[in-house]
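This report refers to the structure that appears directly beneath it.
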Amino acid sequence: MSNTRLLAIKALLEIFNKGITPKHSLESLSSSLDKRDRAFLMEIVYGVLRFRDTLDWILRHFLKNTSRLGELTFNNLRIALYQLYFMRVPDWAVVNESVEIEKQGGKPSLVNAVLRNIIRKKDLFTPPLKLDDPVLNISVNTSHPPWMIKRWIKRFGKDEALSLAQANNQIPSLTIRANTLRISREELLGRLSGKGIISEPATFSPDGIILSDVHSYRDLDFIHGLFVVQDEASQLVSYLLNPKPGERILDACAAPGGKTTHIAQLINDNGEIVAIEKDPQRIKRLDENIRNLGIRSVRMVNADITGIKDTETFDRILVDAPCSAFGVIRKNPDVKYRHKAKDLARYKSNQIRLLRSASGLLRKNGVMVYSVCSIEPEETEEVINEFLKTAEEFRIIDAEAAFLKNFIDKGFFRTYPHKNNMDGFFGVTLCRKD
């Protein structure tokens, strides 16, 4: 497993130092691995990402100055601690593998001594750790930044803040959306069952399927083009928009295309969907996803929505705005380390700007949905409240689909990992008055 551990260290360095997402890093590094080694690589990389601060807190009790370790050694020790405390790997195997890695230019003697000392005192530091300060207790045990836990305690209380943070560290089941332009959900469930894959219909989304024992896109090659990987909460956003066949629809921030292609399904590929994406690299992925699903109603535009001057207005507009992504920490645990509290104000400003730009393209009596994969007030209700101060012709309306009522309070659609076993999403449906 030494080679796989080296790949894991490389992935962590790419994620922490270069800002590469875990998904893209692992896709690149695991291409030559067999299924067993690929699963091991994903387990330790995502495991370290979920519990990085917990591991670092333990390590600091055995090394006073971790900054002098060197990045290879530091991440090697993180991997070792994750295996010692969260995986069923024998202690001796963890030490041997870690020391072998260090022989390639690291600190083998130091790593050997540190790990053996940790093993001797392992019971003293086995999570959950008992810390008196409530913010620090939740922060260290769930590896969430203290500023984030502090604001959650203020909003939700200690018990719910802990529940939310713990839910973020749970490995979610893979959820997919049937491409109903080519196959019904029932038929797709049958194909999955025929391959021995345990699956069940999603609780609320009419197109969703939850897979119990599959965690990789590669394991689903046999149904290529018949599905999209998409969380159930994300699927429900398209039902908030409630598009109809024949309509002209704008997706203002379209890539990678989950909601764009879902809208196409809901209108039976009959209408015009203008998909705006300003990033030329992301639009390539959007194009690939549209082609794979056989969709023809989408017209892609590589531009910023704030610069669009369309002579025709739209019946419906989706503004699925770029955000902190704090609602999808369970799938992307690195995001909880990427942002600070001050970043939320920057996102808010951009979100309001996008919403105002898109709103000018909506016809009278048209419908616009604003959504983000965040649960933070700055990116959710504060954006809408600020927008409505100057957009007097808009009002919040109720969702039409009955199954959405479970998630809507005072016009605001919300889902939470700890309450709904879904990603954290926010949405609101707005109508432009006569």
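Residues in the structure tokens are named by chain (A, B, ... in the order shown) and by number from 1 within that chain; ligands are numbered from 1 in the order shown.
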Using DSSP on the backbone, list every residue of region 111-336 of chain A that comes out as helix (DSSP H, G or I), and give them as an mmCIF file with C-alpha atoms, in the first residue's frame.
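So out_27.cif came out as:
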```cif
data_model
loop_
_atom_site.group_PDB
_atom_site.id
_atom_site.type_symbol
_atom_site.label_atom_id
_atom_site.label_comp_id
_atom_site.auth_asym_id
_atom_site.auth_seq_id
_atom_site.Cartn_x
_atom_site.Cartn_y
_atom_site.Cartn_z
ATOM 1 C CA VAL A 111 7.954 9.365 12.490
ATOM 2 C CA ASN A 112 8.731 5.998 14.048
ATOM 3 C CA ALA A 113 9.231 7.546 17.500
ATOM 4 C CA VAL A 114 6.166 9.791 17.318
ATOM 5 C CA LEU A 115 3.831 7.046 16.173
ATOM 6 C CA ARG A 116 5.019 4.576 18.775
ATOM 7 C CA ASN A 117 4.501 7.206 21.475
ATOM 8 C CA ILE A 118 0.992 7.934 20.184
ATOM 9 C CA ILE A 119 0.161 4.228 20.177
ATOM 10 C CA ARG A 120 1.296 3.885 23.800
ATOM 11 C CA LYS A 122 -3.731 6.026 22.266
ATOM 12 C CA ASP A 123 -6.553 5.653 24.779
ATOM 13 C CA LEU A 124 -5.952 9.150 26.158
ATOM 14 C CA PHE A 125 -6.707 10.791 22.820
ATOM 15 C CA PRO A 134 -18.411 23.974 24.001
ATOM 16 C CA VAL A 135 -17.157 25.672 20.819
ATOM 17 C CA LEU A 136 -13.745 24.020 21.045
ATOM 18 C CA ASN A 137 -15.312 20.671 21.936
ATOM 19 C CA ILE A 138 -17.454 20.552 18.799
ATOM 20 C CA SER A 139 -14.805 22.190 16.630
ATOM 21 C CA VAL A 140 -12.004 19.749 17.530
ATOM 22 C CA ASN A 141 -14.124 16.598 17.545
ATOM 23 C CA THR A 142 -15.808 17.313 14.205
ATOM 24 C CA PRO A 146 -14.346 27.484 15.569
ATOM 25 C CA TRP A 147 -15.896 30.552 13.893
ATOM 26 C CA MET A 148 -18.317 28.290 12.031
ATOM 27 C CA ILE A 149 -19.299 26.312 15.141
ATOM 28 C CA LYS A 150 -19.750 29.534 17.129
ATOM 29 C CA ARG A 151 -22.258 30.934 14.637
ATOM 30 C CA TRP A 152 -24.105 27.594 14.407
ATOM 31 C CA ILE A 153 -24.443 27.415 18.197
ATOM 32 C CA LYS A 154 -25.889 30.927 18.139
ATOM 33 C CA ARG A 155 -28.421 29.984 15.438
ATOM 34 C CA PHE A 156 -29.266 26.398 16.313
ATOM 35 C CA LYS A 158 -25.249 23.446 21.007
ATOM 36 C CA ASP A 159 -26.996 20.134 20.401
ATOM 37 C CA GLU A 160 -28.116 20.924 16.875
ATOM 38 C CA ALA A 161 -24.788 22.526 15.974
ATOM 39 C CA LEU A 162 -23.082 19.285 17.014
ATOM 40 C CA SER A 163 -25.617 17.226 15.052
ATOM 41 C CA LEU A 164 -25.040 19.305 11.923
ATOM 42 C CA ALA A 165 -21.249 19.091 12.189
ATOM 43 C CA GLN A 166 -21.406 15.325 12.769
ATOM 44 C CA ALA A 167 -23.713 14.893 9.769
ATOM 45 C CA ASN A 168 -21.176 16.737 7.626
ATOM 46 C CA ARG A 185 -36.729 5.663 -12.983
ATOM 47 C CA GLU A 186 -38.386 2.268 -12.563
ATOM 48 C CA GLU A 187 -36.529 0.831 -15.552
ATOM 49 C CA LEU A 188 -33.231 2.222 -14.272
ATOM 50 C CA LEU A 189 -33.841 0.704 -10.856
ATOM 51 C CA GLY A 190 -34.355 -2.616 -12.624
ATOM 52 C CA ARG A 191 -31.069 -2.362 -14.488
ATOM 53 C CA LEU A 192 -29.220 -1.554 -11.289
ATOM 54 C CA SER A 193 -30.836 -4.507 -9.545
ATOM 55 C CA GLY A 194 -29.827 -6.738 -12.448
ATOM 56 C CA TYR A 217 -19.040 6.997 -10.920
ATOM 57 C CA ARG A 218 -16.819 4.374 -12.544
ATOM 58 C CA ASP A 219 -18.918 1.563 -11.127
ATOM 59 C CA LEU A 220 -21.873 2.752 -13.221
ATOM 60 C CA ASP A 221 -20.350 2.609 -16.704
ATOM 61 C CA PHE A 222 -23.014 0.139 -17.824
ATOM 62 C CA ILE A 223 -25.718 2.835 -17.606
ATOM 63 C CA GLU A 232 -31.717 14.915 -3.976
ATOM 64 C CA ALA A 233 -31.775 18.476 -2.607
ATOM 65 C CA SER A 234 -30.230 19.756 -5.824
ATOM 66 C CA GLN A 235 -32.854 17.886 -7.829
ATOM 67 C CA LEU A 236 -35.652 19.522 -5.857
ATOM 68 C CA VAL A 237 -34.460 22.984 -6.913
ATOM 69 C CA SER A 238 -35.556 22.293 -10.499
ATOM 70 C CA TYR A 239 -39.037 21.511 -9.193
ATOM 71 C CA LEU A 240 -39.060 24.896 -7.484
ATOM 72 C CA LEU A 241 -38.615 26.420 -10.936
ATOM 73 C CA GLY A 258 -27.016 19.145 -13.227
ATOM 74 C CA LYS A 259 -29.917 21.560 -13.055
ATOM 75 C CA THR A 260 -29.694 22.566 -16.729
ATOM 76 C CA THR A 261 -30.162 18.983 -17.867
ATOM 77 C CA HIS A 262 -32.859 18.354 -15.263
ATOM 78 C CA ILE A 263 -34.827 21.336 -16.571
ATOM 79 C CA ALA A 264 -34.516 19.816 -20.055
ATOM 80 C CA GLN A 265 -35.995 16.587 -18.730
ATOM 81 C CA LEU A 266 -38.885 18.383 -17.056
ATOM 82 C CA PRO A 280 -14.502 28.388 -20.557
ATOM 83 C CA GLN A 281 -13.180 25.262 -18.825
ATOM 84 C CA ARG A 282 -16.417 24.602 -16.970
ATOM 85 C CA ILE A 283 -18.469 25.111 -20.125
ATOM 86 C CA LYS A 284 -16.581 22.197 -21.700
ATOM 87 C CA ARG A 285 -17.875 19.950 -18.937
ATOM 88 C CA LEU A 286 -21.361 21.403 -19.383
ATOM 89 C CA ASP A 287 -21.223 20.573 -23.083
ATOM 90 C CA GLU A 288 -20.015 17.038 -22.352
ATOM 91 C CA ASN A 289 -22.834 16.401 -19.872
ATOM 92 C CA ILE A 290 -25.480 17.709 -22.279
ATOM 93 C CA ARG A 291 -24.150 15.525 -25.106
ATOM 94 C CA ASN A 292 -23.916 12.405 -22.924
ATOM 95 C CA ILE A 305 -24.775 36.896 -16.900
ATOM 96 C CA THR A 306 -24.101 40.474 -15.792
ATOM 97 C CA GLY A 307 -23.071 41.307 -19.365
ATOM 98 C CA PHE A 326 -20.999 25.179 3.088
ATOM 99 C CA GLY A 327 -24.109 23.090 2.483
ATOM 100 C CA VAL A 328 -22.140 20.343 0.733
ATOM 101 C CA VAL A 335 -14.509 23.623 1.720
ATOM 102 C CA LYS A 336 -14.731 24.049 5.499
#
```
Residue contacts of region 297-300 of chain A (7 Å, only C-alpha atoms) excluding same-chain residues fewer than 3 positions away, as a VMD selection string: chain A and resid 264 269 to 276
Output for the residues just chosen: C-alpha atoms as a compact mmCIF listing (two decimals), in the first residue's frame:
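Final file, out.txt:
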```
# COMPACT_ATOMS: atom_id res chain seq x y z
CA ALA A 264 -34.52 19.82 -20.06
CA ASP A 269 -36.56 18.52 -24.21
CA ASN A 270 -39.23 20.73 -25.78
CA GLY A 271 -38.41 24.42 -25.47
CA GLU A 272 -35.33 26.63 -25.34
CA ILE A 273 -32.88 26.60 -22.45
CA VAL A 274 -30.15 29.21 -22.59
CA ALA A 275 -27.31 28.02 -20.36
CA ILE A 276 -24.90 30.78 -19.34
```
Interatomic distance (Å, one decimal) between CA of Met368 (chain A) and CA of Leu293 (chain A): 25.2 Å
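Of the residues in region 37-192 of chain A, those that DSSP places in strand (DSSP E or B) on the basis of the backbone are A:Leu174, A:Thr175, A:Ile176, A:Arg177, A:Ala178.
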Write the residues you've just listed into a file as a PDB file, in the first residue's frame, and include C-alpha atoms for each of them.
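Below is the file that was written, part29.pdb:
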```pdb
ATOM      1  CA  LEU A 174     -24.413   8.213  -3.902  1.00  0.00           C
ATOM      2  CA  THR A 175     -27.584   9.775  -5.293  1.00  0.00           C
ATOM      3  CA  ILE A 176     -28.315   9.860  -8.999  1.00  0.00           C
ATOM      4  CA  ARG A 177     -31.052  11.275 -11.212  1.00  0.00           C
ATOM      5  CA  ALA A 178     -32.583   9.115 -13.904  1.00  0.00           C
TER       6      ALA A 178
END
```
Near region 342-354 of chain A, counting only C-alpha atoms, which residues have an atom at most 10 Å away, once you skip same-chain residues fewer than 4 positions from it, shown as a CSV table (one decimal) with N, CA and C atoms, in the first residue's frame?
```
chain,number,residue,atom,x,y,z
A,252,ALA,N,-28.8,30.8,-15.4
A,252,ALA,CA,-27.8,31.9,-15.4
A,252,ALA,C,-26.4,31.5,-15.0
A,253,CYS,N,-26.2,30.4,-14.3
A,253,CYS,CA,-24.9,30.0,-13.8
A,253,CYS,C,-24.9,28.4,-14.0
A,304,ASP,N,-20.7,36.1,-19.0
A,304,ASP,CA,-21.1,36.4,-17.6
A,304,ASP,C,-22.5,37.0,-17.7
A,305,ILE,N,-23.4,36.5,-16.9
A,305,ILE,CA,-24.8,36.9,-16.9
A,305,ILE,C,-24.9,38.4,-16.7
A,306,THR,N,-24.0,39.0,-16.0
A,306,THR,CA,-24.1,40.5,-15.8
A,306,THR,C,-23.9,41.3,-17.1
A,319,VAL,N,-31.3,31.1,-11.0
A,319,VAL,CA,-30.0,31.7,-10.6
A,319,VAL,C,-29.4,30.8,-9.5
A,320,ASP,N,-28.7,29.8,-9.9
A,320,ASP,CA,-28.1,28.9,-8.9
A,320,ASP,C,-26.6,29.5,-8.7
A,321,ALA,N,-26.5,30.4,-7.8
A,321,ALA,CA,-25.4,31.3,-7.7
A,321,ALA,C,-24.2,30.6,-7.1
A,322,PRO,N,-23.0,31.0,-7.6
A,322,PRO,CA,-21.7,30.5,-6.9
A,322,PRO,C,-21.8,31.0,-5.4
A,323,CYS,N,-21.3,30.1,-4.5
A,323,CYS,CA,-21.4,30.3,-3.1
A,323,CYS,C,-20.3,29.7,-2.4
A,324,SER,N,-20.4,29.7,-1.0
A,324,SER,CA,-19.3,29.1,-0.2
A,324,SER,C,-19.4,27.6,-0.3
A,338,ARG,N,-11.4,26.2,3.4
A,338,ARG,CA,-11.1,27.1,2.4
A,338,ARG,C,-11.6,28.5,2.6
A,358,ALA,N,-29.9,39.1,-13.6
A,358,ALA,CA,-30.8,38.1,-14.2
A,358,ALA,C,-32.3,38.6,-14.2
A,359,SER,N,-32.7,39.3,-13.1
A,359,SER,CA,-34.1,39.7,-13.0
A,359,SER,C,-34.5,40.6,-14.1
A,370,TYR,N,-34.0,31.6,-7.1
A,370,TYR,CA,-32.6,31.8,-6.6
A,370,TYR,C,-32.3,30.7,-5.7
A,371,SER,N,-31.1,30.1,-5.9
A,371,SER,CA,-30.7,28.9,-5.0
A,371,SER,C,-29.2,29.0,-4.8
A,372,VAL,N,-28.8,28.4,-3.7
A,372,VAL,CA,-27.4,28.2,-3.3
A,372,VAL,C,-27.3,26.9,-2.5
A,376,GLU,N,-25.9,29.4,5.1
A,376,GLU,CA,-25.6,30.6,5.8
A,376,GLU,C,-26.5,31.8,5.5
A,377,PRO,N,-26.9,32.6,6.5
A,377,PRO,CA,-27.9,33.7,6.3
A,377,PRO,C,-27.4,34.7,5.3
A,378,GLU,N,-26.1,35.0,5.2
A,378,GLU,CA,-25.6,36.0,4.3
A,378,GLU,C,-25.8,35.6,2.9
A,379,GLU,N,-25.9,34.3,2.6
A,379,GLU,CA,-26.0,33.9,1.2
A,379,GLU,C,-27.5,33.5,0.9
A,380,THR,N,-28.3,33.5,1.9
A,380,THR,CA,-29.7,33.0,1.7
A,380,THR,C,-30.7,34.1,1.8
A,382,GLU,N,-30.7,36.8,3.5
A,382,GLU,CA,-30.2,38.2,3.4
A,382,GLU,C,-30.1,38.7,2.0
A,383,VAL,N,-29.7,37.8,1.1
A,383,VAL,CA,-29.6,38.1,-0.4
A,383,VAL,C,-31.0,38.5,-0.9
A,384,ILE,N,-32.0,37.7,-0.5
A,384,ILE,CA,-33.4,37.9,-1.0
A,384,ILE,C,-33.9,39.2,-0.4
A,385,ASN,N,-33.7,39.4,0.9
A,385,ASN,CA,-34.2,40.6,1.5
A,385,ASN,C,-33.6,41.9,0.9
A,386,GLU,N,-32.3,41.8,0.6
A,386,GLU,CA,-31.7,43.0,0.0
A,386,GLU,C,-32.1,43.2,-1.4
A,387,PHE,N,-32.3,42.1,-2.2
A,387,PHE,CA,-32.8,42.2,-3.5
A,387,PHE,C,-34.2,42.8,-3.6
```
If we count only C-alpha atoms, what is near Val45 (chain A) at a cut-off of 10 Å, once residues fewer than 2 positions away on the same chain are taken out, given as a tab-separated table (two decimals) with N, CA and C atoms, in the first residue's frame?
```tsv
chain	number	residue	atom	x	y	z
A	5	ARG	N	-0.34	5.13	-0.52
A	5	ARG	CA	-0.15	6.16	0.50
A	5	ARG	C	0.57	7.37	-0.08
A	7	LEU	N	0.37	8.37	-3.16
A	7	LEU	CA	-0.65	9.04	-3.95
A	7	LEU	C	-1.58	9.85	-3.06
A	8	ALA	N	-1.89	9.30	-1.89
A	8	ALA	CA	-2.75	10.01	-0.94
A	8	ALA	C	-2.07	11.30	-0.46
A	9	ILE	N	-0.79	11.21	-0.16
A	9	ILE	CA	-0.05	12.41	0.24
A	9	ILE	C	-0.04	13.44	-0.88
A	10	LYS	N	0.19	12.97	-2.09
A	10	LYS	CA	0.19	13.88	-3.25
A	10	LYS	C	-1.17	14.56	-3.41
A	11	ALA	N	-2.25	13.77	-3.23
A	11	ALA	CA	-3.59	14.34	-3.34
A	11	ALA	C	-3.82	15.41	-2.29
A	12	LEU	N	-3.41	15.14	-1.06
A	12	LEU	CA	-3.60	16.12	0.02
A	12	LEU	C	-2.80	17.39	-0.24
A	15	ILE	N	-4.68	19.35	-2.86
A	15	ILE	CA	-5.91	19.93	-2.31
A	15	ILE	C	-5.61	21.12	-1.40
A	22	PRO	N	-10.90	17.64	-4.29
A	22	PRO	CA	-10.61	16.22	-4.05
A	22	PRO	C	-11.04	15.34	-5.21
A	26	LEU	N	-8.30	13.10	-7.18
A	26	LEU	CA	-8.39	11.64	-7.09
A	26	LEU	C	-8.68	11.00	-8.44
A	40	PHE	N	-9.25	2.37	-1.24
A	40	PHE	CA	-8.37	2.69	-0.11
A	40	PHE	C	-7.88	4.13	-0.21
A	41	LEU	N	-7.51	4.55	-1.41
A	41	LEU	CA	-7.04	5.91	-1.63
A	41	LEU	C	-8.12	6.92	-1.27
A	42	MET	N	-9.34	6.69	-1.73
A	42	MET	CA	-10.44	7.60	-1.43
A	42	MET	C	-10.74	7.64	0.06
A	43	GLU	N	-10.67	6.48	0.71
A	43	GLU	CA	-10.97	6.42	2.14
A	43	GLU	C	-10.00	7.27	2.95
A	47	GLY	N	-10.97	10.78	4.46
A	47	GLY	CA	-10.94	10.67	5.91
A	47	GLY	C	-10.09	11.76	6.54
A	48	VAL	N	-8.91	12.00	5.99
A	48	VAL	CA	-8.05	13.07	6.51
A	48	VAL	C	-8.73	14.42	6.32
A	49	LEU	N	-9.40	14.62	5.18
A	49	LEU	CA	-10.09	15.89	4.95
A	49	LEU	C	-11.22	16.10	5.96
A	50	ARG	N	-11.95	15.07	6.27
A	50	ARG	CA	-13.06	15.20	7.22
A	50	ARG	C	-12.55	15.48	8.63
A	78	ARG	N	-0.61	12.62	9.33
A	78	ARG	CA	-2.07	12.74	9.34
A	78	ARG	C	-2.73	11.45	8.87
A	79	ILE	N	-2.20	10.89	7.80
A	79	ILE	CA	-2.73	9.62	7.29
A	79	ILE	C	-2.58	8.52	8.33
A	82	TYR	N	-5.10	8.99	11.09
A	82	TYR	CA	-6.46	8.63	10.65
A	82	TYR	C	-6.63	7.12	10.67
```
All residues 10 Å or closer to Asp213 (chain A), only C-alpha atoms, same chain fewer than 5 positions away omitted, as a ChimeraX atom specification: /A:173-174,196-199
Point-to-point distance in Å for CA of Gln230 (chain A) and CA of Lys278 (chain A): 21.8 Å
CA of Gly360 (chain A) to CA of Ala402 (chain A), distance in Å rounded to a single decimal: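 Result for CA of Gly360 (chain A) versus CA of Ala402 (chain A): 29.2 Å, one decimal.
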Who sits within 7 Å of region 392-398 of chain A, only C-alpha atoms, same chain under 3 positions skipped, as number ranges by chain: A: 388-389, 411, 429-433
Nearby residues (only C-alpha atoms) at most 10 Å from Pro172 (chain A), same-chain spacing under 3 positions excluded, as a list of chain:residue names: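 Surrounding residues, per the criterion: A:Ala167, A:Asn168, A:Asn169, A:Thr175, A:Ile210, A:Leu211, A:Ser212, A:His215, A:Asp231, A:Arg330, A:Lys331, A:Pro417, A:Asn421, A:Met422, A:Asp423.
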Suppose we keep C-alpha atoms; can you now write the selection as an mmCIF file, in the first residue's frame?
```cif
data_model
loop_
_atom_site.group_PDB
_atom_site.id
_atom_site.type_symbol
_atom_site.label_atom_id
_atom_site.label_comp_id
_atom_site.auth_asym_id
_atom_site.auth_seq_id
_atom_site.Cartn_x
_atom_site.Cartn_y
_atom_site.Cartn_z
ATOM 1 C CA ALA A 167 -23.713 14.893 9.769
ATOM 2 C CA ASN A 168 -21.176 16.737 7.626
ATOM 3 C CA ASN A 169 -18.637 14.028 8.475
ATOM 4 C CA THR A 175 -27.584 9.775 -5.293
ATOM 5 C CA ILE A 210 -30.189 6.380 -3.846
ATOM 6 C CA LEU A 211 -27.422 3.787 -4.189
ATOM 7 C CA SER A 212 -26.444 2.043 -0.973
ATOM 8 C CA HIS A 215 -19.417 5.338 -4.140
ATOM 9 C CA ASP A 231 -27.988 15.048 -4.680
ATOM 10 C CA ARG A 330 -20.206 16.114 3.583
ATOM 11 C CA LYS A 331 -19.309 15.641 -0.115
ATOM 12 C CA PRO A 417 -27.718 17.220 6.184
ATOM 13 C CA ASN A 421 -30.015 13.426 4.974
ATOM 14 C CA MET A 422 -29.493 15.718 1.982
ATOM 15 C CA ASP A 423 -27.071 18.454 1.090
#
```
